[in-house]
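Reading through the structure tokens given below for one structure.
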Amino acid sequence: MAAAAAVPWPPSHPARFRYWIDYQAFSSPESAALPEAALVALGGVKTGGPPKLDPVTAARQKIRDYGYMHMDKWELLLSITAKAMLAAEVLRPHQVVSIVPGCLCISRKTSLVRSLLNAYGPDTAFRLVPRTFKLPEELDAWEAWLHAHPQQDTGLWMLKNNKQRGTGLRLVPTAAAFQACFETTTRPGLEGITLYRWYLAQQYINDPLLINGRKFGVRLWVAVPGVSPLRVYLHRNGLALFSSDAYRPADFSGGSFGAGHITNYAQNENGDVWSLQQLAQHMGASAWKPLWMQMARATALVFASALRRIQEVQAAMDLRPRQTFQYFGLDFLVDAALQPWLMEANATPSMKVAHEEPATQQLIQAQKWDFVRDTFTLLRIQQHMFDEGAMARPVGVSDVAAELEARGGLLPLMHLFPCEASHPGTSIPWEQQDAALQAWLGSSSSYQAAAAELEAAHDV
């Protein structure tokens, strides 16, 4: 199956709009460099924000300058979740912001599992993510499960909080896990208040699929251009991120684990990196294709599980159909039985390009740039021109057809959304717009071609 026709880039008639990037909020200046390049190519004119501060200056200068403080200076705001949400709460009718309010229920570690459980129940939820217990509320349930299912205990548990970039983790054996759960910490601004350090206990996948003796994680990128109806696109690009050392299950001590356990890019920036095409070629079609489709189906289920919360939040905020979008980074770990496990849905995936090996840096650049370019092209910024009337117009099947034409390497997942027939007992509050979209998918030759392209991605 041939890939979708390339979208002309840069566009021949770009729009002219003002954008603001909250560089002070991103983890590094490079994190938003590729998105800014895409916005400029689409006709964007930068009006802010200030550059990222060095750590010393940042510690000294308490006041920051963010886009939500300057609502009259931009049409499009790119920011991290917390700052983008502040802008969304006061969004003007002609503005667009890089957040889908309500998606915090899947991008926070503590709420992802709850969202899946509420939507699908434990049987399905714990086929998508490792078995997880919230702390300290579910300590009794955790203990009861261990007593009832000793043969399913892998012997190791990962304790987590809501920190990102591979931090806020502790690996403990089952025998020491309950004592570790009661570790406490403090936070700036909450002096005198004792807080539990760990929010979750998650079963550790101790039999990962290894390549040349090393563990790896799969980073996928997802674009959500809108939610009424819900549209989710998975990019054909992605990365396989390898640990720097050989994997040894017993290589941990006192809660810390060796480099053979770590695949997170932020903690292992110069490790080996493959494209998904390289991974597919190494694994072979018979192993890769089922794995790829399992990850695609899991992605569709994850975003569908957020729909109820999305609807609640957006109704309360009275947002217009075309005012919000977001892109995500999903991290999967593959076990030795070729079962993918979702580790995290990152709401602000870094688009930083860095590696000590020039060839690997070029690979990362190419993979990330294609995704960024295709995501901002999908929004069709050059067409709607931030017109107040256009922003309020409902999104119909003709708009989705136009998205399919503009999607580049983005592959639609809407046909994989759960329904009562495919997932009995599913609790997803689909709306009339979603039903109309689903009815159209089955009769649209362009959508069927895109769905076939998803199946054939990375054919080897």
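Numbering starts fresh at 1 for the residues of each chain in the structure tokens, the chains themselves are lettered A, B, ... in the order given, and ligands are numbered from 1 as they appear.
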
Might you pull out every residue within 8 Å of A:Pro51, with only C-alpha atoms counted and same-chain residues fewer than 5 positions away left off, and present them as a short mmCIF file (atom, residue, chain, number, x, y, z; two decimals) with C-alpha atoms, in the first residue's frame?
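Once everything was written out, this is around23.cif:
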data_model
loop_
_atom_site.label_atom_id
_atom_site.label_comp_id
_atom_site.auth_asym_id
_atom_site.auth_seq_id
_atom_site.Cartn_x
_atom_site.Cartn_y
_atom_site.Cartn_z
CA TYR A 23 9.67 28.78 25.93
CA GLN A 24 10.09 29.52 29.65
CA PRO A 29 14.72 25.73 24.23
#

Please list as number ranges by chain every residue within 12 Å of A:Ser422, counting only C-alpha atoms and excluding residues in the same chain fewer than 6 positions away. A: 120, 124, 297, 301, 415-416

Any idea what's packed within 7 Å of stretch 219-234 of chain A, counting only C-alpha atoms, ignoring anything in its chain fewer than 2 positions away? Could you give it as an NGL selection string? :A and (217 or 236 or 238-240 or 321-322 or 324-332 or 375 or 379 or 395 or 410-414 or 433-434)

Might you pull out every residue within 9 Å of A:Glu143, with only C-alpha atoms counted and same-chain residues fewer than 5 positions away left off, and present them as a CSV table (one decimal) with N, CA, C and O atoms, in the first residue's frame?
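Written output follows (around-v1.csv):
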chain,number,residue,atom,x,y,z
A,138,GLU,N,-5.5,2.2,47.6
A,138,GLU,CA,-5.7,0.9,47.2
A,138,GLU,C,-4.7,-0.1,47.8
A,138,GLU,O,-4.5,-1.2,47.2
A,148,ALA,N,-4.3,-13.4,46.4
A,148,ALA,CA,-5.2,-14.2,45.6
A,148,ALA,C,-4.5,-14.7,44.3
A,148,ALA,O,-4.9,-15.7,43.7
A,178,PHE,N,5.5,-2.7,50.4
A,178,PHE,CA,4.5,-2.1,51.2
A,178,PHE,C,5.2,-1.1,52.2
A,178,PHE,O,4.7,0.0,52.5

Extract the full set of strand (DSSP E or B) residues from stretch 12-135 of chain A according to DSSP on the backbone, and format it as a list in words.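 Put together, the selection reads Phe17, Arg18, Tyr19, Trp20, Ile21, Gly44, Val45, Lys46, Thr47, Gly48, Leu76, Leu77, Leu78, Val96, Val97, Thr132, Phe133 and Lys134 of chain A.
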
Let me see the file: selected residues, N, CA, C and O atoms, as a PDB file, in the first residue's frame.
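Dumped everything to out-v6.pdb:
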ATOM      1  N   PHE A  17      -0.577  34.812  10.709  1.00  0.00           N
ATOM      2  CA  PHE A  17      -1.160  34.787  12.045  1.00  0.00           C
ATOM      3  C   PHE A  17      -0.041  34.978  13.064  1.00  0.00           C
ATOM      4  O   PHE A  17       1.140  34.770  12.765  1.00  0.00           O
ATOM      5  N   ARG A  18      -0.430  35.373  14.254  1.00  0.00           N
ATOM      6  CA  ARG A  18       0.531  35.606  15.330  1.00  0.00           C
ATOM      7  C   ARG A  18       0.572  34.381  16.240  1.00  0.00           C
ATOM      8  O   ARG A  18      -0.471  33.843  16.596  1.00  0.00           O
ATOM      9  N   TYR A  19       1.770  33.974  16.592  1.00  0.00           N
ATOM     10  CA  TYR A  19       1.886  32.842  17.520  1.00  0.00           C
ATOM     11  C   TYR A  19       2.765  33.243  18.701  1.00  0.00           C
ATOM     12  O   TYR A  19       3.617  34.129  18.613  1.00  0.00           O
ATOM     13  N   TRP A  20       2.533  32.553  19.796  1.00  0.00           N
ATOM     14  CA  TRP A  20       3.310  32.733  21.028  1.00  0.00           C
ATOM     15  C   TRP A  20       3.726  31.349  21.497  1.00  0.00           C
ATOM     16  O   TRP A  20       2.899  30.431  21.550  1.00  0.00           O
ATOM     17  N   ILE A  21       4.986  31.178  21.848  1.00  0.00           N
ATOM     18  CA  ILE A  21       5.487  29.914  22.395  1.00  0.00           C
ATOM     19  C   ILE A  21       6.022  30.174  23.792  1.00  0.00           C
ATOM     20  O   ILE A  21       6.868  31.051  23.977  1.00  0.00           O
ATOM     21  N   GLY A  44       3.248  31.966  10.250  1.00  0.00           N
ATOM     22  CA  GLY A  44       3.186  32.517  11.594  1.00  0.00           C
ATOM     23  C   GLY A  44       4.205  33.613  11.833  1.00  0.00           C
ATOM     24  O   GLY A  44       5.320  33.578  11.312  1.00  0.00           O
ATOM     25  N   VAL A  45       3.809  34.583  12.630  1.00  0.00           N
ATOM     26  CA  VAL A  45       4.679  35.684  13.032  1.00  0.00           C
ATOM     27  C   VAL A  45       4.806  35.642  14.553  1.00  0.00           C
ATOM     28  O   VAL A  45       3.809  35.721  15.267  1.00  0.00           O
ATOM     29  N   LYS A  46       6.035  35.510  15.040  1.00  0.00           N
ATOM     30  CA  LYS A  46       6.252  35.375  16.470  1.00  0.00           C
ATOM     31  C   LYS A  46       6.029  36.693  17.193  1.00  0.00           C
ATOM     32  O   LYS A  46       6.610  37.712  16.835  1.00  0.00           O
ATOM     33  N   THR A  47       5.196  36.645  18.246  1.00  0.00           N
ATOM     34  CA  THR A  47       4.997  37.812  19.111  1.00  0.00           C
ATOM     35  C   THR A  47       5.442  37.525  20.543  1.00  0.00           C
ATOM     36  O   THR A  47       5.409  38.416  21.380  1.00  0.00           O
ATOM     37  N   GLY A  48       5.845  36.320  20.860  1.00  0.00           N
ATOM     38  CA  GLY A  48       6.323  35.910  22.170  1.00  0.00           C
ATOM     39  C   GLY A  48       6.469  34.395  22.164  1.00  0.00           C
ATOM     40  O   GLY A  48       6.166  33.757  21.164  1.00  0.00           O
ATOM     41  N   LEU A  76      -2.404  31.833  18.010  1.00  0.00           N
ATOM     42  CA  LEU A  76      -2.100  30.441  18.363  1.00  0.00           C
ATOM     43  C   LEU A  76      -1.071  30.425  19.475  1.00  0.00           C
ATOM     44  O   LEU A  76      -0.040  31.092  19.372  1.00  0.00           O
ATOM     45  N   LEU A  77      -1.357  29.653  20.509  1.00  0.00           N
ATOM     46  CA  LEU A  77      -0.447  29.510  21.650  1.00  0.00           C
ATOM     47  C   LEU A  77       0.029  28.073  21.730  1.00  0.00           C
ATOM     48  O   LEU A  77      -0.772  27.133  21.722  1.00  0.00           O
ATOM     49  N   LEU A  78       1.354  27.915  21.822  1.00  0.00           N
ATOM     50  CA  LEU A  78       1.965  26.607  22.043  1.00  0.00           C
ATOM     51  C   LEU A  78       2.610  26.631  23.410  1.00  0.00           C
ATOM     52  O   LEU A  78       3.478  27.455  23.686  1.00  0.00           O
ATOM     53  N   VAL A  96      -6.591  29.736  19.062  1.00  0.00           N
ATOM     54  CA  VAL A  96      -6.346  28.298  19.128  1.00  0.00           C
ATOM     55  C   VAL A  96      -5.233  28.057  20.138  1.00  0.00           C
ATOM     56  O   VAL A  96      -4.244  28.804  20.183  1.00  0.00           O
ATOM     57  N   VAL A  97      -5.368  27.002  20.937  1.00  0.00           N
ATOM     58  CA  VAL A  97      -4.376  26.704  21.963  1.00  0.00           C
ATOM     59  C   VAL A  97      -4.038  25.218  21.919  1.00  0.00           C
ATOM     60  O   VAL A  97      -4.891  24.374  21.596  1.00  0.00           O
ATOM     61  N   THR A 132      -1.992  -2.011  38.165  1.00  0.00           N
ATOM     62  CA  THR A 132      -1.606  -0.817  38.909  1.00  0.00           C
ATOM     63  C   THR A 132      -2.553  -0.598  40.066  1.00  0.00           C
ATOM     64  O   THR A 132      -3.763  -0.839  39.959  1.00  0.00           O
ATOM     65  N   PHE A 133      -2.000  -0.096  41.174  1.00  0.00           N
ATOM     66  CA  PHE A 133      -2.807   0.241  42.340  1.00  0.00           C
ATOM     67  C   PHE A 133      -2.464   1.662  42.782  1.00  0.00           C
ATOM     68  O   PHE A 133      -1.291   2.049  42.835  1.00  0.00           O
ATOM     69  N   LYS A 134      -3.491   2.441  43.079  1.00  0.00           N
ATOM     70  CA  LYS A 134      -3.297   3.809  43.527  1.00  0.00           C
ATOM     71  C   LYS A 134      -2.960   3.823  45.011  1.00  0.00           C
ATOM     72  O   LYS A 134      -3.565   3.099  45.812  1.00  0.00           O
TER      73      LYS A 134
END

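Closest to A:Gln339 among A:Pro122, A:Val129, A:Glu388, A:Leu159 is A:Val129, based on only C-alpha atoms.
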
I need the helix (DSSP H, G or I) residues of stretch 287-426 of chain A per DSSP on the backbone, written as a ChimeraX atom specification. /A:287-305,307-317,358-378,381-384,388-392,397-406,414-416

What's the 6 Å shell around stretch 201-208 of chain A, counting only C-alpha atoms, without same-chain residues fewer than 2 positions away, as number ranges by chain? A: 130-133, 156-159, 334-336

Enter the distance from atom CA of A:Leu139 to atom CA of A:Ala177, in Å, rounded to one decimal.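 Result for atom CA of A:Leu139 versus atom CA of A:Ala177: 10.5 Å, one decimal.
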
Do you know which residues are at most 12 Å from A:Tyr447 counting only C-alpha atoms, after dropping those on the same chain fewer than 2 positions away, and could you put them as a PDB file with C-alpha atoms, in the first residue's frame?
ATOM      1  CA  ALA A   4      -0.606   9.117   1.170  1.00  0.00           C
ATOM      2  CA  VAL A 397     -17.472  14.663   7.600  1.00  0.00           C
ATOM      3  CA  SER A 398     -16.342  17.069   4.867  1.00  0.00           C
ATOM      4  CA  VAL A 400     -12.556  15.003   8.175  1.00  0.00           C
ATOM      5  CA  ALA A 401     -12.256  14.294   4.444  1.00  0.00           C
ATOM      6  CA  ALA A 402     -10.118  17.428   4.156  1.00  0.00           C
ATOM      7  CA  GLU A 403      -7.998  16.240   7.092  1.00  0.00           C
ATOM      8  CA  LEU A 404      -7.400  12.958   5.291  1.00  0.00           C
ATOM      9  CA  GLU A 405      -6.131  14.886   2.289  1.00  0.00           C
ATOM     10  CA  ARG A 407      -2.585  14.217   6.868  1.00  0.00           C
ATOM     11  CA  LEU A 411      -2.794   7.509  10.037  1.00  0.00           C
ATOM     12  CA  PRO A 412      -6.399   7.730  11.288  1.00  0.00           C
ATOM     13  CA  LEU A 413      -7.551   5.516  14.154  1.00  0.00           C
ATOM     14  CA  MET A 414     -11.251   6.367  14.255  1.00  0.00           C
ATOM     15  CA  HIS A 415     -12.290   2.978  12.847  1.00  0.00           C
ATOM     16  CA  LEU A 437     -18.443  10.084  11.494  1.00  0.00           C
ATOM     17  CA  GLN A 438     -18.541   6.335  12.106  1.00  0.00           C
ATOM     18  CA  ALA A 439     -21.325   5.941   9.542  1.00  0.00           C
ATOM     19  CA  TRP A 440     -19.242   7.856   7.003  1.00  0.00           C
ATOM     20  CA  LEU A 441     -16.046   5.878   7.604  1.00  0.00           C
ATOM     21  CA  GLY A 442     -17.534   2.686   6.231  1.00  0.00           C
ATOM     22  CA  SER A 443     -18.604   4.294   2.965  1.00  0.00           C
ATOM     23  CA  SER A 444     -15.609   6.561   2.358  1.00  0.00           C
ATOM     24  CA  SER A 445     -13.073   5.168  -0.104  1.00  0.00           C
ATOM     25  CA  ALA A 449      -7.479   3.658   1.839  1.00  0.00           C
ATOM     26  CA  ALA A 450      -6.057   5.419   4.909  1.00  0.00           C
ATOM     27  CA  ALA A 451      -7.105   2.504   7.149  1.00  0.00           C
ATOM     28  CA  ALA A 452      -5.390   0.092   4.785  1.00  0.00           C
ATOM     29  CA  GLU A 453      -2.280   2.246   4.934  1.00  0.00           C
ATOM     30  CA  LEU A 454      -2.273   1.894   8.714  1.00  0.00           C
TER      31      LEU A 454
END

The residue from A:Met85, A:Ala392, A:Val100, A:Met343 with the smallest atom-to-atom distance to A:Lys160, counting only C-alpha atoms, is A:Met343

Can you work out which one of A:Asp22, A:Glu431, A:Asp459, A:Glu420 has the shortest atom-to-atom distance to A:Trp292, counting only C-alpha atoms? A:Asp459

Report, in Å to a single decimal, how far apart atom CA of A:Glu75 and atom CA of A:Gln95 are.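 Straight-line distance from atom CA of A:Gln95 to atom CA of A:Glu75 works out to 4.7 Å.
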
Do you know which residues are at most 12 Å from A:Ala316 counting only C-alpha atoms, after dropping those on the same chain fewer than 6 positions away, and could you put them as number ranges by chain? A: 88-89, 101-102, 309-310

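Across the structure, atom CA of A:Phe417 and atom CA of A:Gln448 are spaced 14.8 Å apart.
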
Let me make sure I understand: among A:Met391, A:Ala41, A:Thr426, A:Asn237, which one has the smallest atom-to-atom distance to A:Leu319 if we use only C-alpha atoms?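 That would be A:Met391, the residue with the smallest distance to A:Leu319.
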
If you count only C-alpha atoms, the residue of A:Ser28, A:Met283, A:Leu128, A:His458 closest to A:Leu209 turns out to be A:Met283

Residue nearest A:Glu269 among A:Ser79, A:Gln361, A:Gln314, A:Ser107 (counting only C-alpha atoms):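 Using only C-alpha atoms, the shortest distance to A:Glu269 belongs to A:Gln361.
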